[in-house]
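Working notes, beginning with the structure itself.
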Amino acid sequence: MGENIILIGFMGSGKTSSAKKLAVHLGWEAVEMDELILKRSGKADINEIFEESGELGFRLLEMEVAKDLCNSNKKVISTGGGIIMNQINMMYLKECGRVFYLKDNFDLIMQRLSKDKTRPLLKDRKKAQALFDLRCPLYEHYADDIIDGEDVEPKIIAEQIYKIVK
Ligand code: S3P
């Protein structure tokens, strides 16, 4: 089994930025699942995948990428916020490393992403709130460690995780 770190959490909780900074501390590679999904799909952005193949098409690609990542070693993997909705994804990812949940606050996230147009599931605030409420217990369930990311810079999040794993 490889040695990897997996970051989970809701959209906008700082997974990608924290992963990049943590990877620098560790001398590992940072990989972003959404980027790998885009590469695999040949599409330019996530909205395009949702428009052409629906959320289901996106989730199938996400599962293929999660499976491929099983063979990783020394990677900091930032996942998409919906990764925990499929237990097969989490089976693959938990097999390959330690899972950190970046716990954040819904209102802060929505404030932070108020101008974001890249996330199809954030277009409707009420639906986004319902997703958040549904997912929070699942993030906690799959986490090996929970990091308080509420109003905390990715640099600090990365340092906290580094202290835990070094
Ligand atoms: C999603 C989160 C996004 C992306 C897609 C679906 C979700 O990733 O995978 O838009 O279901 O929460 P981020 O968490 O990096 O925004």
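Simple scheme: letters A, B, ... for chains in structure tokens order, numbers from 1 for residues in each chain, numbers from 1 for ligands in the order shown.
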Item to complete: Could you tell me, counting only C-alpha atoms and all ligand atoms, which protein and nucleic acid residues lie no more than 7 Å from ligand 1, written as a list in words?
Response: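 With only C-alpha atoms and all ligand atoms and a cut-off of 7 Å, ligand 1 is contacted by Gly9, Phe10, Met11, Gly12, Lys15, Thr16, Asp34, Ile46, Thr79, Gly80, Gly81, Gly82, Ile83, Arg119, Pro120 and Leu121 of chain A.
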Worksheet item: Skipping near chain neighbours, those fewer than 2 positions away, what residues fall within 9 Å of segment 150-158 of chain A using only C-alpha atoms, listed as JSON, numbers by chain?
Response: {"A": [13, 14, 15, 16, 17, 18, 19, 20, 21, 22, 23, 25, 102, 103, 104, 105, 108, 109, 147, 148, 160, 161, 162, 163]}
Worksheet item: Any idea what the distance is between atom CA of Cys70 of chain A and atom CA of Met91 of chain A?
Response: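 Computing it gives 9.5 Å between the two atoms.
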Practice prompt. Please return as number ranges by chain: the residues of segment 6-132 of chain A that backbone DSSP assigns to strand (DSSP E).
Written response: A: 6-8, 29-32, 75-78, 98-103
Write a file of the just-selected residues containing C-alpha atoms, as a PDB file, in the first residue's frame.
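Everything below was put into selection.pdb:
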```
ATOM      1  CA  ILE A   6      -6.417  12.536   0.968  1.00  0.00           C
ATOM      2  CA  LEU A   7      -8.258  15.790   1.623  1.00  0.00           C
ATOM      3  CA  ILE A   8     -12.057  15.742   1.753  1.00  0.00           C
ATOM      4  CA  GLU A  29       3.118  15.545  -5.534  1.00  0.00           C
ATOM      5  CA  ALA A  30      -0.244  17.336  -5.259  1.00  0.00           C
ATOM      6  CA  VAL A  31      -2.998  15.925  -7.437  1.00  0.00           C
ATOM      7  CA  GLU A  32      -6.498  17.277  -7.914  1.00  0.00           C
ATOM      8  CA  LYS A  75       0.664  12.085  -3.247  1.00  0.00           C
ATOM      9  CA  VAL A  76      -1.544  14.676  -1.604  1.00  0.00           C
ATOM     10  CA  ILE A  77      -4.905  14.111  -3.252  1.00  0.00           C
ATOM     11  CA  SER A  78      -7.569  16.817  -3.219  1.00  0.00           C
ATOM     12  CA  ARG A  98      -4.942   8.856   5.504  1.00  0.00           C
ATOM     13  CA  VAL A  99      -8.069  10.955   5.082  1.00  0.00           C
ATOM     14  CA  PHE A 100      -8.292  14.513   6.447  1.00  0.00           C
ATOM     15  CA  TYR A 101     -11.591  16.373   6.538  1.00  0.00           C
ATOM     16  CA  LEU A 102     -11.317  20.145   6.196  1.00  0.00           C
ATOM     17  CA  LYS A 103     -14.351  21.188   8.208  1.00  0.00           C
TER      18      LYS A 103
END
```
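Here atom CA of Gly149 of chain A and atom CA of Pro137 of chain A stand 15.9 Å from one another.
Using only C-alpha atoms, the smallest distance between any of A:Tyr92, A:Phe50, A:Trp28, A:Tyr139 and Lys67 of chain A comes from A:Tyr92.
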Discussion item. Report as a list in words all protein, DNA and RNA residues lying within 9 Å of Ser72 of chain A, evaluated on only C-alpha atoms, omitting residues in the same chain fewer than 3 positions from it.
Written reply: Met1, Gly2, Glu3, Asn4, Asp68, Leu69, Lys75 and Cys96 of chain A
Any chance you can output those residues with N, CA and C atoms as a compact mmCIF listing (two decimals), in the first residue's frame?
```
# COMPACT_ATOMS: atom_id res chain seq x y z
N MET A 1 0.83 -1.21 0.00
CA MET A 1 0.00 0.00 0.00
C MET A 1 0.86 1.26 0.00
N GLY A 2 0.49 2.24 -0.81
CA GLY A 2 1.24 3.49 -0.88
C GLY A 2 0.99 4.37 0.33
N GLU A 3 1.80 5.42 0.40
CA GLU A 3 1.63 6.38 1.50
C GLU A 3 1.11 7.68 0.87
N ASN A 4 -0.13 8.02 1.18
CA ASN A 4 -0.74 9.21 0.57
C ASN A 4 -1.59 9.94 1.60
N ASP A 68 -8.08 4.57 -10.11
CA ASP A 68 -6.69 4.72 -10.59
C ASP A 68 -5.77 5.20 -9.47
N LEU A 69 -6.31 6.07 -8.60
CA LEU A 69 -5.47 6.66 -7.56
C LEU A 69 -5.05 5.65 -6.48
N LYS A 75 1.47 11.05 -2.61
CA LYS A 75 0.66 12.08 -3.25
C LYS A 75 -0.27 12.71 -2.21
N CYS A 96 -5.73 3.78 0.16
CA CYS A 96 -4.43 4.28 -0.27
C CYS A 96 -3.85 5.36 0.63
```
Fill in: Residues of chain A in helix (DSSP H, G or I), written as a PyMOL selection string
chain A and resi 15-26+33-41+46-69+83-85+87-96+106-112+120-122+125-142+154-165
Fill in: d(atom CA of Asp45 of chain A, atom CA of Asp133 of chain A) in Å
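Atom-to-atom, atom CA of Asp45 of chain A and atom CA of Asp133 of chain A are spaced 26.1 Å apart.
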Spatial neighbours of Arg40 of chain A, 12 Å, only C-alpha atoms, chain gap at least 2 places, as a CSV table (one decimal) with N, CA, C and O atoms, in the first residue's frame:
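And here's part_21.csv as it stands now:
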```csv
chain,number,residue,atom,x,y,z
A,33,MET,N,-8.4,15.7,-8.1
A,33,MET,CA,-9.2,14.8,-8.8
A,33,MET,C,-10.0,15.5,-9.9
A,33,MET,O,-10.1,14.9,-11.0
A,34,ASP,N,-10.5,16.7,-9.7
A,34,ASP,CA,-11.3,17.3,-10.7
A,34,ASP,C,-10.4,17.5,-12.0
A,34,ASP,O,-10.9,17.4,-13.1
A,35,GLU,N,-9.1,17.8,-11.8
A,35,GLU,CA,-8.2,18.0,-13.0
A,35,GLU,C,-8.1,16.7,-13.7
A,35,GLU,O,-8.1,16.6,-14.9
A,36,LEU,N,-7.9,15.6,-13.0
A,36,LEU,CA,-7.8,14.3,-13.6
A,36,LEU,C,-9.1,13.9,-14.3
A,36,LEU,O,-9.1,13.3,-15.4
A,37,ILE,N,-10.2,14.3,-13.7
A,37,ILE,CA,-11.5,14.0,-14.4
A,37,ILE,C,-11.6,14.8,-15.7
A,37,ILE,O,-12.1,14.2,-16.7
A,38,LEU,N,-11.2,16.0,-15.7
A,38,LEU,CA,-11.3,16.8,-16.9
A,38,LEU,C,-10.4,16.2,-18.0
A,38,LEU,O,-10.8,16.1,-19.1
A,42,GLY,N,-11.7,15.0,-21.6
A,42,GLY,CA,-11.4,15.8,-22.7
A,42,GLY,C,-12.1,17.1,-22.8
A,42,GLY,O,-12.1,17.8,-23.7
A,43,LYS,N,-12.9,17.4,-21.7
A,43,LYS,CA,-13.7,18.7,-21.6
A,43,LYS,C,-12.9,19.8,-20.9
A,43,LYS,O,-11.9,19.5,-20.2
A,44,ALA,N,-13.3,21.0,-21.2
A,44,ALA,CA,-12.6,22.2,-20.7
A,44,ALA,C,-13.0,22.5,-19.2
A,44,ALA,O,-12.1,23.0,-18.4
A,45,ASP,N,-14.2,22.3,-18.9
A,45,ASP,CA,-14.6,22.5,-17.5
A,45,ASP,C,-15.7,21.6,-17.0
A,45,ASP,O,-16.3,20.9,-17.8
A,46,ILE,N,-15.9,21.6,-15.7
A,46,ILE,CA,-16.8,20.7,-15.0
A,46,ILE,C,-18.3,20.9,-15.5
A,46,ILE,O,-19.0,20.0,-15.7
A,49,ILE,N,-19.1,19.0,-18.5
A,49,ILE,CA,-19.4,17.5,-18.3
A,49,ILE,C,-20.8,17.4,-17.8
A,49,ILE,O,-21.6,16.5,-18.2
A,57,GLY,N,-22.8,11.2,-15.3
A,57,GLY,CA,-21.6,11.0,-16.1
A,57,GLY,C,-20.4,11.5,-15.4
A,57,GLY,O,-19.3,10.8,-15.4
A,58,PHE,N,-20.5,12.6,-14.7
A,58,PHE,CA,-19.4,13.1,-13.9
A,58,PHE,C,-19.0,12.1,-12.8
A,58,PHE,O,-17.8,11.8,-12.6
A,60,LEU,N,-19.4,8.9,-12.7
A,60,LEU,CA,-18.7,7.7,-13.2
A,60,LEU,C,-17.2,8.0,-13.5
A,60,LEU,O,-16.4,7.2,-13.2
A,61,LEU,N,-17.0,9.2,-14.1
A,61,LEU,CA,-15.6,9.5,-14.3
A,61,LEU,C,-14.8,9.7,-12.9
A,61,LEU,O,-13.7,9.2,-12.8
A,62,GLU,N,-15.5,10.2,-12.0
A,62,GLU,CA,-14.9,10.4,-10.6
A,62,GLU,C,-14.5,9.1,-10.0
A,62,GLU,O,-13.5,8.9,-9.4
A,63,MET,N,-15.4,8.1,-10.3
A,63,MET,CA,-15.1,6.8,-9.7
A,63,MET,C,-13.9,6.1,-10.4
A,63,MET,O,-13.1,5.4,-9.8
A,64,GLU,N,-13.8,6.3,-11.7
A,64,GLU,CA,-12.7,5.7,-12.4
A,64,GLU,C,-11.4,6.3,-12.0
A,64,GLU,O,-10.4,5.6,-11.8
A,65,VAL,N,-11.4,7.6,-11.7
A,65,VAL,CA,-10.2,8.3,-11.2
A,65,VAL,C,-9.8,7.9,-9.8
A,65,VAL,O,-8.7,7.6,-9.5
A,68,ASP,N,-8.1,4.6,-10.1
A,68,ASP,CA,-6.7,4.7,-10.6
A,68,ASP,C,-5.8,5.2,-9.5
A,68,ASP,O,-4.6,4.8,-9.4
```
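Excluding segment 123-130 of chain A itself and same-chain residues fewer than 4 positions from it, the residues having an atom within 9 Å of it are Phe106, Met110, Lys117, Arg119, Leu134 and Arg135 of chain A, counting only C-alpha atoms.
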Discussion item. Taking 6 positions as the minimum chain separation for residues in the same chain, which residues sit within 10 Å of Gln87 of chain A when counting only C-alpha atoms? Answer as a list in words.
Written reply: Met63, Leu93, Leu138 and Tyr142 of chain A
